[in-house]
Amino acid sequence: MRKNELKLGAILSYMVIGLNMIVAIVYTPILTRSLGQSEYGLYSLVSSIISYLTILDLGFGNAIIIYTTRYRVKKQKEEEEKLHGMFFKIYTVIGIIAGIIGVILYFNVSNIFGNSMSIEEIKKAKTLMLILTFNLVVTFPFSIFTSIITAYEKFVFSKVVNIIRIILTPIIMIPLLLNGFKSVTLVVVITVLNIGTLLLNMVYCFKKIKIKMRFGKIDFKLLREIFIYSFFIFLNTIIDKINWSIDQFILGAIRGTVEVAIYSLAAQVNTLYLNFSTAISGIMLPKITKMITSGEDSSEIDKLFIKVGRLQFLLLSLIVTGFVIFGRQFIIFWGGQEYVKAYEVGCVLIIPVTIPLIQNLGISILQAKNKHKFRTIVLFTIAILNIIVSVPLAKQYGAMGSAIGTALGIIIGPTLIMNWYYKAKVGINIKEFWKNIIKMVIPIVILFLIANFIIQFIDITKIFNMGIAIIIYTMIFGVVAWEFIMNQYEKNLIKKPIKKLVGK
């Protein structure tokens, strides 16, 4: 049953990503054109600022998953109930703190962005900030139910709810945008749908999983133990915010909303790319925790690391090569000619991040083994350097300068240093991992070079032509992958469902 839940969870994860892509392709052009470049940049900027407050989670979300899983393995039901009760109270307090900080930001918008925004933009930014702050205040106490659902490996429910939310957003917003409603309406809809999702999660936990919460005294000894564990996950969250959100803040303060809009469109491409890599690894934390808690042999963890890495590389290599070949014209179709710079920015963001993404399972292994401290320290140092480098680069080169600063950090930290650490200190067989990946790279590079040459002679400025070219490239990539790259396990992942389908 759990195995099926994992498989269905992975399939639904890719469905979520596919839907996000479809929604992004259809909905984003309507959004950017309806809001205009300046207001789209403003909405993206305020959203990124409020998202900084999610760091107040302090890494407890992952800790709840880890400790709930451990208590379930050991059948310690009472400890589990105390854990959930304790964190519901803690998250309620965190939500109140987030609200106070949000109000402080509200009163200081003009002080932060007065030099790069008009009076009208500042007024609208304040309204957006207030609504999104309320959204966050409500989100914190109810986010515990999301973690519990993950710990219980109920991936099907969580993904289905997510799919419904993804579909509802454009269905509600597109008519409103076409009737002249702007960014304020957008954040109201986002808030309502988010609260609805959280309430569904809560009802599912109490009615279906039948969890209970004990609201006794806070166990400070346990809280201290969890805080020590989660502190470095908390730092990692800060790092992610610096790497993926601080650029918009810097650009908003230095260059204004237009450069923020260009970067934000590229960042949206990058976010979709990041999501593809986490579809499998994102549901593996409970499984890895069980393997390590049960004393599973390290060679089995190595096999899983390589297996997941290969699958992620197959998918990501198709996306990244496809984006390099077709991305410029796609951005023009998608966002408009004024966003064409987002293509180069997108390339600078997604190409270097590919290596850390195919090793995403390593993060779960580090967390399950409680060895994530080193990674966090390294990435935190790199993130600070990213800020120092990005400010002058943003002044000089705008969105591209910010992207270059981020890319340099990715190459040094998550790629070079972490590969050494995985091998030397965690005991992951990195040499075998890279043997597998390098064998996969060679045919992909040859195909990419040939396709990139041929595309020069095809008119992809017509959307139909580009669509056909993308389909042909994907099909050829699939054939090359099947014949020269995929092993028997990977082929069976495709063969078995087809056989079952044909059998029916």
# chains A, B, ... in the order shown; residues from 1 in each chain; ligands from 1

$ residues_around --residues "A:Thr28" --least-positions-apart "6" --cutoff "12 Å" --atoms "only C-alpha atoms" --output "list in words"
Asn20, Met21, Ile22, Ser34, Leu35, Gly36, Gln37, Tyr40, Thr169, Pro170, Met173, Ile174, Leu177, Ser264, Leu265, Gln268, Val269, Ile331, Phe333, Trp334, Gly335 and Gly336 of chain A

$ write_last_selection --atoms "N, CA and C atoms" --output "PDB file, in the first residue's frame"
ATOM      1  N   ASN A  20       1.128  22.962 -13.623  1.00  0.00           N
ATOM      2  CA  ASN A  20       1.759  24.260 -13.389  1.00  0.00           C
ATOM      3  C   ASN A  20       2.328  24.835 -14.677  1.00  0.00           C
ATOM      4  N   MET A  21       2.912  23.961 -15.504  1.00  0.00           N
ATOM      5  CA  MET A  21       3.458  24.409 -16.782  1.00  0.00           C
ATOM      6  C   MET A  21       2.354  24.892 -17.719  1.00  0.00           C
ATOM      7  N   ILE A  22       1.280  24.104 -17.810  1.00  0.00           N
ATOM      8  CA  ILE A  22       0.162  24.480 -18.689  1.00  0.00           C
ATOM      9  C   ILE A  22      -0.449  25.805 -18.229  1.00  0.00           C
ATOM     10  N   SER A  34      -2.298  41.864 -18.646  1.00  0.00           N
ATOM     11  CA  SER A  34      -3.397  42.543 -17.936  1.00  0.00           C
ATOM     12  C   SER A  34      -2.861  43.500 -16.872  1.00  0.00           C
ATOM     13  N   LEU A  35      -1.827  43.059 -16.164  1.00  0.00           N
ATOM     14  CA  LEU A  35      -1.259  43.913 -15.115  1.00  0.00           C
ATOM     15  C   LEU A  35      -0.358  44.990 -15.689  1.00  0.00           C
ATOM     16  N   GLY A  36       0.321  44.671 -16.808  1.00  0.00           N
ATOM     17  CA  GLY A  36       1.356  45.577 -17.321  1.00  0.00           C
ATOM     18  C   GLY A  36       2.680  45.255 -16.644  1.00  0.00           C
ATOM     19  N   GLN A  37       3.784  45.605 -17.317  1.00  0.00           N
ATOM     20  CA  GLN A  37       5.101  45.212 -16.820  1.00  0.00           C
ATOM     21  C   GLN A  37       5.399  45.788 -15.438  1.00  0.00           C
ATOM     22  N   TYR A  40       3.087  44.043 -12.724  1.00  0.00           N
ATOM     23  CA  TYR A  40       3.524  42.655 -12.561  1.00  0.00           C
ATOM     24  C   TYR A  40       4.807  42.597 -11.736  1.00  0.00           C
ATOM     25  N   THR A 169      -7.178  28.516  -9.633  1.00  0.00           N
ATOM     26  CA  THR A 169      -6.595  29.863  -9.683  1.00  0.00           C
ATOM     27  C   THR A 169      -6.832  30.552 -11.030  1.00  0.00           C
ATOM     28  N   PRO A 170      -6.434  29.939 -12.177  1.00  0.00           N
ATOM     29  CA  PRO A 170      -6.701  30.626 -13.449  1.00  0.00           C
ATOM     30  C   PRO A 170      -8.177  30.678 -13.825  1.00  0.00           C
ATOM     31  N   MET A 173      -9.326  33.636 -11.902  1.00  0.00           N
ATOM     32  CA  MET A 173      -8.623  34.894 -12.152  1.00  0.00           C
ATOM     33  C   MET A 173      -8.735  35.397 -13.589  1.00  0.00           C
ATOM     34  N   ILE A 174      -8.724  34.503 -14.576  1.00  0.00           N
ATOM     35  CA  ILE A 174      -8.713  34.979 -15.974  1.00  0.00           C
ATOM     36  C   ILE A 174      -9.925  35.864 -16.291  1.00  0.00           C
ATOM     37  N   LEU A 177      -9.317  39.223 -14.539  1.00  0.00           N
ATOM     38  CA  LEU A 177      -8.273  40.027 -15.204  1.00  0.00           C
ATOM     39  C   LEU A 177      -8.801  40.644 -16.493  1.00  0.00           C
ATOM     40  N   SER A 264      11.623  38.289 -12.657  1.00  0.00           N
ATOM     41  CA  SER A 264      10.550  37.443 -12.117  1.00  0.00           C
ATOM     42  C   SER A 264      10.063  36.424 -13.139  1.00  0.00           C
ATOM     43  N   LEU A 265      10.002  36.837 -14.412  1.00  0.00           N
ATOM     44  CA  LEU A 265       9.580  35.892 -15.450  1.00  0.00           C
ATOM     45  C   LEU A 265      10.615  34.769 -15.593  1.00  0.00           C
ATOM     46  N   GLN A 268      10.327  32.480 -12.731  1.00  0.00           N
ATOM     47  CA  GLN A 268       9.192  31.560 -12.840  1.00  0.00           C
ATOM     48  C   GLN A 268       9.588  30.315 -13.636  1.00  0.00           C
ATOM     49  N   VAL A 269      10.370  30.516 -14.704  1.00  0.00           N
ATOM     50  CA  VAL A 269      10.910  29.379 -15.464  1.00  0.00           C
ATOM     51  C   VAL A 269      11.785  28.528 -14.546  1.00  0.00           C
ATOM     52  N   ILE A 331       9.944  32.746 -24.816  1.00  0.00           N
ATOM     53  CA  ILE A 331       9.767  33.911 -23.934  1.00  0.00           C
ATOM     54  C   ILE A 331       9.054  35.039 -24.673  1.00  0.00           C
ATOM     55  N   PHE A 333       6.913  34.721 -27.212  1.00  0.00           N
ATOM     56  CA  PHE A 333       5.496  34.319 -27.319  1.00  0.00           C
ATOM     57  C   PHE A 333       4.793  34.472 -25.981  1.00  0.00           C
ATOM     58  N   TRP A 334       5.489  34.080 -24.943  1.00  0.00           N
ATOM     59  CA  TRP A 334       4.898  33.946 -23.606  1.00  0.00           C
ATOM     60  C   TRP A 334       4.695  35.288 -22.914  1.00  0.00           C
ATOM     61  N   GLY A 335       5.783  36.055 -22.798  1.00  0.00           N
ATOM     62  CA  GLY A 335       5.707  37.304 -22.054  1.00  0.00           C
ATOM     63  C   GLY A 335       5.601  38.537 -22.922  1.00  0.00           C
ATOM     64  N   GLY A 336       6.071  38.421 -24.166  1.00  0.00           N
ATOM     65  CA  GLY A 336       6.109  39.596 -25.049  1.00  0.00           C
ATOM     66  C   GLY A 336       7.558  40.004 -25.312  1.00  0.00           C
TER      67      GLY A 336
END

$ select_by_dssp --residues "stretch 366-503 of chain A" --states "alpha helix (DSSP H)" --output "compact mmCIF listing (two decimals) with N, CA and C atoms, in the first residue's frame"
# COMPACT_ATOMS: atom_id res chain seq x y z
N LEU A 366 21.00 13.69 4.23
CA LEU A 366 21.67 14.49 5.27
C LEU A 366 20.72 14.76 6.43
N GLN A 367 19.48 15.12 6.13
CA GLN A 367 18.50 15.44 7.18
C GLN A 367 18.18 14.21 8.01
N ALA A 368 17.99 13.07 7.34
CA ALA A 368 17.66 11.83 8.05
C ALA A 368 18.83 11.36 8.92
N LYS A 373 24.27 19.99 8.91
CA LYS A 373 24.89 21.20 9.45
C LYS A 373 25.93 21.78 8.49
N PHE A 374 26.82 20.94 7.98
CA PHE A 374 27.91 21.42 7.13
C PHE A 374 27.36 22.08 5.86
N ARG A 375 26.39 21.40 5.23
CA ARG A 375 25.80 21.96 3.99
C ARG A 375 25.22 23.34 4.23
N THR A 376 24.54 23.48 5.36
CA THR A 376 23.91 24.75 5.67
C THR A 376 24.94 25.85 5.89
N ILE A 377 26.00 25.54 6.60
CA ILE A 377 27.05 26.54 6.86
C ILE A 377 27.69 26.99 5.54
N VAL A 378 28.00 26.00 4.69
CA VAL A 378 28.61 26.32 3.38
C VAL A 378 27.67 27.20 2.56
N LEU A 379 26.41 26.78 2.45
CA LEU A 379 25.47 27.52 1.60
C LEU A 379 25.13 28.89 2.18
N PHE A 380 25.13 28.99 3.51
CA PHE A 380 24.88 30.29 4.13
C PHE A 380 26.01 31.27 3.79
N THR A 381 27.24 30.79 3.88
CA THR A 381 28.40 31.62 3.53
C THR A 381 28.32 32.05 2.07
N ILE A 382 27.99 31.09 1.19
CA ILE A 382 27.88 31.39 -0.24
C ILE A 382 26.75 32.39 -0.50
N ALA A 383 25.64 32.26 0.24
CA ALA A 383 24.50 33.16 0.05
C ALA A 383 24.86 34.59 0.42
N ILE A 384 25.62 34.77 1.50
CA ILE A 384 26.07 36.11 1.89
C ILE A 384 26.97 36.70 0.81
N LEU A 385 27.87 35.87 0.28
CA LEU A 385 28.73 36.32 -0.82
C LEU A 385 27.90 36.67 -2.05
N ASN A 386 26.82 35.91 -2.26
CA ASN A 386 25.91 36.19 -3.38
C ASN A 386 25.34 37.61 -3.28
N ILE A 387 24.91 38.00 -2.07
CA ILE A 387 24.38 39.36 -1.87
C ILE A 387 25.45 40.40 -2.17
N ILE A 388 26.65 40.17 -1.62
CA ILE A 388 27.75 41.14 -1.79
C ILE A 388 28.09 41.32 -3.27
N VAL A 389 28.09 40.21 -4.01
CA VAL A 389 28.42 40.26 -5.44
C VAL A 389 27.25 40.81 -6.26
N SER A 390 26.02 40.44 -5.89
CA SER A 390 24.85 40.78 -6.70
C SER A 390 24.53 42.27 -6.69
N VAL A 391 24.81 42.97 -5.61
CA VAL A 391 24.46 44.40 -5.53
C VAL A 391 25.19 45.21 -6.62
N PRO A 392 26.54 45.14 -6.70
CA PRO A 392 27.20 45.89 -7.78
C PRO A 392 26.85 45.37 -9.18
N LEU A 393 26.67 44.04 -9.30
CA LEU A 393 26.30 43.48 -10.61
C LEU A 393 24.91 43.94 -11.04
N ALA A 394 23.98 44.03 -10.09
CA ALA A 394 22.63 44.50 -10.40
C ALA A 394 22.64 45.97 -10.82
N LYS A 395 23.46 46.77 -10.15
CA LYS A 395 23.58 48.19 -10.52
C LYS A 395 24.06 48.33 -11.96
N GLN A 396 25.04 47.49 -12.32
CA GLN A 396 25.69 47.58 -13.64
C GLN A 396 24.87 46.90 -14.74
N TYR A 397 24.35 45.70 -14.46
CA TYR A 397 23.74 44.89 -15.52
C TYR A 397 22.27 44.54 -15.29
N ALA A 399 18.91 42.79 -14.21
CA ALA A 399 18.48 41.42 -13.91
C ALA A 399 19.56 40.39 -14.22
N MET A 400 20.30 40.59 -15.31
CA MET A 400 21.36 39.65 -15.67
C MET A 400 22.47 39.64 -14.61
N GLY A 401 22.81 40.80 -14.07
CA GLY A 401 23.84 40.88 -13.03
C GLY A 401 23.45 40.10 -11.79
N SER A 402 22.18 40.24 -11.37
CA SER A 402 21.70 39.49 -10.20
C SER A 402 21.77 37.99 -10.45
N ALA A 403 21.40 37.55 -11.66
CA ALA A 403 21.42 36.12 -12.01
C ALA A 403 22.85 35.57 -12.00
N ILE A 404 23.81 36.35 -12.48
CA ILE A 404 25.21 35.90 -12.49
C ILE A 404 25.71 35.69 -11.07
N GLY A 405 25.38 36.60 -10.16
CA GLY A 405 25.77 36.45 -8.75
C GLY A 405 25.23 35.17 -8.15
N THR A 406 23.96 34.87 -8.44
CA THR A 406 23.33 33.63 -7.95
C THR A 406 24.00 32.40 -8.54
N ALA A 407 24.27 32.43 -9.86
CA ALA A 407 24.88 31.28 -10.55
C ALA A 407 26.27 30.96 -10.00
N LEU A 408 27.06 31.97 -9.72
CA LEU A 408 28.41 31.74 -9.17
C LEU A 408 28.33 31.01 -7.83
N GLY A 409 27.38 31.43 -7.00
CA GLY A 409 27.19 30.78 -5.71
C GLY A 409 26.80 29.32 -5.84
N ILE A 410 25.93 29.02 -6.82
CA ILE A 410 25.49 27.63 -7.05
C ILE A 410 26.66 26.74 -7.46
N MET A 418 29.79 20.52 -2.03
CA MET A 418 28.90 19.47 -1.52
C MET A 418 29.21 18.10 -2.11
N ASN A 419 29.69 18.05 -3.34
CA ASN A 419 30.08 16.75 -3.89
C ASN A 419 31.25 16.16 -3.12
N TRP A 420 32.18 17.02 -2.72
CA TRP A 420 33.29 16.56 -1.86
C TRP A 420 32.74 16.04 -0.53
N TYR A 421 31.79 16.76 0.07
CA TYR A 421 31.27 16.39 1.38
C TYR A 421 30.48 15.08 1.33
N ILE A 430 29.86 8.85 -4.55
CA ILE A 430 29.77 9.91 -5.56
C ILE A 430 30.47 9.51 -6.85
N LYS A 431 31.55 8.74 -6.73
CA LYS A 431 32.29 8.31 -7.92
C LYS A 431 31.38 7.49 -8.84
N GLU A 432 30.65 6.54 -8.25
CA GLU A 432 29.74 5.71 -9.03
C GLU A 432 28.59 6.53 -9.61
N PHE A 433 28.13 7.50 -8.82
CA PHE A 433 27.07 8.40 -9.28
C PHE A 433 27.50 9.12 -10.55
N TRP A 434 28.71 9.71 -10.53
CA TRP A 434 29.17 10.49 -11.68
C TRP A 434 29.54 9.61 -12.87
N LYS A 435 29.94 8.38 -12.62
CA LYS A 435 30.15 7.43 -13.72
C LYS A 435 28.85 7.26 -14.51
N ASN A 436 27.76 7.10 -13.76
CA ASN A 436 26.44 6.93 -14.38
C ASN A 436 26.04 8.18 -15.17
N ILE A 437 26.22 9.34 -14.55
CA ILE A 437 25.76 10.58 -15.18
C ILE A 437 26.58 10.92 -16.42
N ILE A 438 27.90 10.75 -16.35
CA ILE A 438 28.77 11.09 -17.51
C ILE A 438 28.42 10.24 -18.72
N LYS A 439 28.13 8.94 -18.49
CA LYS A 439 27.71 8.08 -19.59
C LYS A 439 26.42 8.60 -20.24
N MET A 440 25.56 9.19 -19.43
CA MET A 440 24.29 9.72 -19.93
C MET A 440 24.49 11.04 -20.69
N VAL A 441 25.49 11.82 -20.27
CA VAL A 441 25.71 13.15 -20.83
C VAL A 441 26.12 13.10 -22.30
N ILE A 442 27.00 12.17 -22.66
CA ILE A 442 27.62 12.17 -23.99
C ILE A 442 26.59 12.14 -25.13
N PRO A 443 25.66 11.17 -25.16
CA PRO A 443 24.67 11.19 -26.26
C PRO A 443 23.76 12.42 -26.23
N ILE A 444 23.47 12.94 -25.04
CA ILE A 444 22.61 14.13 -24.93
C ILE A 444 23.30 15.35 -25.52
N VAL A 445 24.59 15.53 -25.25
CA VAL A 445 25.35 16.66 -25.79
C VAL A 445 25.41 16.58 -27.32
N ILE A 446 25.66 15.38 -27.85
CA ILE A 446 25.71 15.20 -29.31
C ILE A 446 24.37 15.58 -29.94
N LEU A 447 23.27 15.09 -29.33
CA LEU A 447 21.93 15.42 -29.84
C LEU A 447 21.68 16.92 -29.77
N PHE A 448 22.05 17.55 -28.67
CA PHE A 448 21.84 18.99 -28.48
C PHE A 448 22.57 19.79 -29.56
N LEU A 449 23.82 19.45 -29.82
CA LEU A 449 24.62 20.19 -30.81
C LEU A 449 24.01 20.07 -32.20
N ILE A 450 23.57 18.86 -32.55
CA ILE A 450 22.94 18.65 -33.86
C ILE A 450 21.63 19.45 -33.97
N ALA A 451 20.81 19.35 -32.93
CA ALA A 451 19.51 20.05 -32.93
C ALA A 451 19.69 21.56 -32.96
N ASN A 452 20.66 22.06 -32.21
CA ASN A 452 20.92 23.50 -32.16
C ASN A 452 21.39 24.03 -33.52
N PHE A 453 22.10 23.18 -34.28
CA PHE A 453 22.54 23.57 -35.62
C PHE A 453 21.36 23.57 -36.59
N ILE A 454 20.54 22.51 -36.54
CA ILE A 454 19.41 22.38 -37.48
C ILE A 454 18.38 23.48 -37.27
N ILE A 463 4.32 30.26 -34.10
CA ILE A 463 4.09 29.42 -32.92
C ILE A 463 3.81 27.96 -33.31
N PHE A 464 3.14 27.74 -34.44
CA PHE A 464 2.85 26.38 -34.89
C PHE A 464 4.14 25.64 -35.22
N ASN A 465 5.03 26.32 -35.96
CA ASN A 465 6.31 25.72 -36.33
C ASN A 465 7.13 25.36 -35.10
N MET A 466 7.14 26.27 -34.11
CA MET A 466 7.91 26.01 -32.91
C MET A 466 7.32 24.83 -32.13
N GLY A 467 6.00 24.76 -32.07
CA GLY A 467 5.35 23.65 -31.38
C GLY A 467 5.71 22.30 -32.00
N ILE A 468 5.68 22.25 -33.34
CA ILE A 468 6.04 21.01 -34.05
C ILE A 468 7.51 20.67 -33.81
N ALA A 469 8.37 21.70 -33.84
CA ALA A 469 9.81 21.48 -33.62
C ALA A 469 10.08 20.93 -32.22
N ILE A 470 9.38 21.46 -31.22
CA ILE A 470 9.55 20.99 -29.84
C ILE A 470 9.10 19.53 -29.71
N ILE A 471 7.97 19.20 -30.34
CA ILE A 471 7.47 17.81 -30.29
C ILE A 471 8.46 16.86 -30.94
N ILE A 472 8.99 17.24 -32.11
CA ILE A 472 9.96 16.39 -32.82
C ILE A 472 11.22 16.22 -31.99
N TYR A 473 11.71 17.32 -31.39
CA TYR A 473 12.92 17.24 -30.56
C TYR A 473 12.69 16.31 -29.36
N THR A 474 11.53 16.42 -28.74
CA THR A 474 11.20 15.58 -27.58
C THR A 474 11.15 14.10 -27.97
N MET A 475 10.56 13.82 -29.12
CA MET A 475 10.47 12.43 -29.60
C MET A 475 11.85 11.85 -29.91
N ILE A 476 12.68 12.66 -30.57
CA ILE A 476 14.04 12.20 -30.90
C ILE A 476 14.84 12.00 -29.61
N PHE A 477 14.67 12.91 -28.66
CA PHE A 477 15.34 12.78 -27.36
C PHE A 477 14.93 11.47 -26.70
N GLY A 478 13.63 11.17 -26.77
CA GLY A 478 13.12 9.92 -26.18
C GLY A 478 13.74 8.69 -26.80
N VAL A 479 13.87 8.70 -28.13
CA VAL A 479 14.48 7.56 -28.84
C VAL A 479 15.94 7.39 -28.45
N VAL A 480 16.69 8.51 -28.44
CA VAL A 480 18.12 8.49 -28.06
C VAL A 480 18.27 7.99 -26.63
N ALA A 481 17.39 8.49 -25.73
CA ALA A 481 17.45 8.06 -24.33
C ALA A 481 17.20 6.56 -24.21
N TRP A 482 16.20 6.05 -24.93
CA TRP A 482 15.84 4.63 -24.87
C TRP A 482 16.97 3.74 -25.39
N GLU A 483 17.57 4.15 -26.49
CA GLU A 483 18.58 3.32 -27.16
C GLU A 483 19.96 3.40 -26.50
N PHE A 484 20.33 4.58 -26.00
CA PHE A 484 21.72 4.79 -25.58
C PHE A 484 21.91 5.16 -24.10
N GLN A 488 17.65 -1.04 -17.68
CA GLN A 488 16.45 -1.88 -17.70
C GLN A 488 15.39 -1.40 -16.70
N TYR A 489 15.83 -0.96 -15.52
CA TYR A 489 14.89 -0.46 -14.51
C TYR A 489 14.11 0.73 -15.05
N GLU A 490 14.82 1.66 -15.70
CA GLU A 490 14.18 2.86 -16.23
C GLU A 490 13.23 2.53 -17.38
N LYS A 491 13.62 1.56 -18.21
CA LYS A 491 12.74 1.14 -19.31
C LYS A 491 11.48 0.47 -18.77
N ASN A 492 11.64 -0.29 -17.70
CA ASN A 492 10.49 -0.98 -17.09
C ASN A 492 9.47 0.00 -16.51
N LEU A 493 9.95 1.16 -16.05
CA LEU A 493 9.04 2.19 -15.54
C LEU A 493 8.06 2.64 -16.62
N ILE A 494 8.49 2.53 -17.88
CA ILE A 494 7.61 2.89 -19.00
C ILE A 494 6.86 1.66 -19.51
N LYS A 495 7.58 0.53 -19.60
CA LYS A 495 6.98 -0.69 -20.16
C LYS A 495 5.81 -1.22 -19.33
N LYS A 496 6.01 -1.30 -18.01
CA LYS A 496 5.01 -1.93 -17.14
C LYS A 496 3.64 -1.25 -17.20
N PRO A 497 3.57 0.09 -17.07
CA PRO A 497 2.25 0.74 -17.17
C PRO A 497 1.59 0.52 -18.53
N ILE A 498 2.44 0.52 -19.61
CA ILE A 498 1.88 0.31 -20.95
C ILE A 498 1.31 -1.10 -21.07
N LYS A 499 2.06 -2.10 -20.55
CA LYS A 499 1.58 -3.48 -20.59
C LYS A 499 0.27 -3.64 -19.82
N LYS A 500 0.18 -3.01 -18.65
CA LYS A 500 -1.05 -3.07 -17.86
C LYS A 500 -2.22 -2.45 -18.61
N LEU A 501 -1.92 -1.32 -19.29
CA LEU A 501 -2.94 -0.61 -20.04
C LEU A 501 -3.44 -1.45 -21.21
N VAL A 502 -2.48 -2.05 -21.93
CA VAL A 502 -2.82 -2.91 -23.08
C VAL A 502 -3.56 -4.17 -22.61
N GLY A 503 -3.10 -4.69 -21.45
CA GLY A 503 -3.73 -5.88 -20.88
C GLY A 503 -5.18 -5.67 -20.54

$ closest_residue --among "A:Leu58, A:Leu416, A:Leu31, A:Ile325" --to "A:Gln456" --atoms "only C-alpha atoms"
A:Ile325

$ residues_around --residues "stretch 141-145 of chain A" --least-positions-apart "6" --cutoff "12 Å" --atoms "only C-alpha atoms" --output "PDB file with C-alpha atoms, in the first residue's frame"
ATOM      1  CA  THR A  54       8.199  32.007   5.833  1.00  0.00           C
ATOM      2  CA  LEU A  56       9.955  31.972  10.702  1.00  0.00           C
ATOM      3  CA  ASP A  57       9.021  28.309  10.242  1.00  0.00           C
ATOM      4  CA  GLY A  59      12.844  24.446   9.879  1.00  0.00           C
ATOM      5  CA  PHE A  60      10.153  22.897  12.112  1.00  0.00           C
ATOM      6  CA  GLY A  61       8.139  21.587   9.131  1.00  0.00           C
ATOM      7  CA  ASN A  62      10.814  19.024   8.259  1.00  0.00           C
ATOM      8  CA  ALA A  63      11.396  18.250  11.926  1.00  0.00           C
ATOM      9  CA  ILE A  64       7.692  17.394  12.358  1.00  0.00           C
ATOM     10  CA  ILE A  65       7.946  14.960   9.422  1.00  0.00           C
ATOM     11  CA  THR A  68       6.359  11.918  13.463  1.00  0.00           C
ATOM     12  CA  LEU A  83       4.485  16.624  19.452  1.00  0.00           C
ATOM     13  CA  HIS A  84       1.559  17.761  17.301  1.00  0.00           C
ATOM     14  CA  GLY A  85      -0.093  19.682  20.126  1.00  0.00           C
ATOM     15  CA  MET A  86       3.152  21.417  21.020  1.00  0.00           C
ATOM     16  CA  PHE A  87       3.817  22.543  17.460  1.00  0.00           C
ATOM     17  CA  PHE A  88       0.284  23.777  16.863  1.00  0.00           C
ATOM     18  CA  LYS A  89       0.809  26.168  19.784  1.00  0.00           C
ATOM     19  CA  ILE A  90       4.302  27.147  18.591  1.00  0.00           C
ATOM     20  CA  TYR A  91       3.095  27.815  15.046  1.00  0.00           C
ATOM     21  CA  THR A  92       0.237  29.972  16.350  1.00  0.00           C
ATOM     22  CA  VAL A  93       2.768  32.181  18.158  1.00  0.00           C
ATOM     23  CA  ILE A  94       4.971  32.276  15.037  1.00  0.00           C
ATOM     24  CA  GLY A  95       1.935  33.367  12.987  1.00  0.00           C
ATOM     25  CA  ILE A  96       1.341  36.295  15.359  1.00  0.00           C
ATOM     26  CA  ILE A  97       5.029  37.295  15.112  1.00  0.00           C
ATOM     27  CA  ALA A  98       4.803  37.145  11.288  1.00  0.00           C
ATOM     28  CA  ASN A 135      -2.454  34.998   4.398  1.00  0.00           C
ATOM     29  CA  ALA A 151       4.840  12.051   7.463  1.00  0.00           C
ATOM     30  CA  TYR A 152       1.927   9.625   7.031  1.00  0.00           C
ATOM     31  CA  LYS A 154      -0.627  10.374   2.201  1.00  0.00           C
ATOM     32  CA  SER A 158      -2.083  16.251  -0.797  1.00  0.00           C
ATOM     33  CA  ASN A 194      -4.739  28.891   0.319  1.00  0.00           C
ATOM     34  CA  ILE A 195      -6.942  29.041   3.419  1.00  0.00           C
ATOM     35  CA  GLY A 196      -9.373  26.584   1.790  1.00  0.00           C
ATOM     36  CA  THR A 197      -6.502  24.143   1.147  1.00  0.00           C
ATOM     37  CA  LEU A 198      -5.259  24.421   4.732  1.00  0.00           C
ATOM     38  CA  LEU A 199      -8.729  23.735   6.130  1.00  0.00           C
ATOM     39  CA  LEU A 200      -9.082  20.650   3.892  1.00  0.00           C
ATOM     40  CA  ASN A 201      -5.738  19.360   5.197  1.00  0.00           C
ATOM     41  CA  MET A 202      -6.895  19.866   8.780  1.00  0.00           C
ATOM     42  CA  VAL A 203     -10.187  18.020   8.234  1.00  0.00           C
ATOM     43  CA  TYR A 204      -8.319  15.137   6.505  1.00  0.00           C
ATOM     44  CA  CYS A 205      -5.879  14.801   9.414  1.00  0.00           C
ATOM     45  CA  PHE A 206      -8.610  14.616  12.041  1.00  0.00           C
ATOM     46  CA  ILE A 209      -5.731   9.891   9.595  1.00  0.00           C
ATOM     47  CA  LYS A 210      -7.463  10.324  12.972  1.00  0.00           C
ATOM     48  CA  ILE A 211      -4.654  12.281  14.605  1.00  0.00           C
ATOM     49  CA  LYS A 212      -5.008  13.682  18.106  1.00  0.00           C
ATOM     50  CA  MET A 213      -3.285  16.611  19.757  1.00  0.00           C
TER      51      MET A 213
END

$ residues_around --residues "A:Val109" --least-positions-apart "3" --cutoff "7 Å" --atoms "only C-alpha atoms" --output "list in words"
Leu105, Tyr106, Ile112, Phe113, Ile122 and Lys126 of chain A

$ atom_distance --atom1 "atom CA of A:Asn429" --atom2 "atom CA of A:Ile301"
9.5 Å
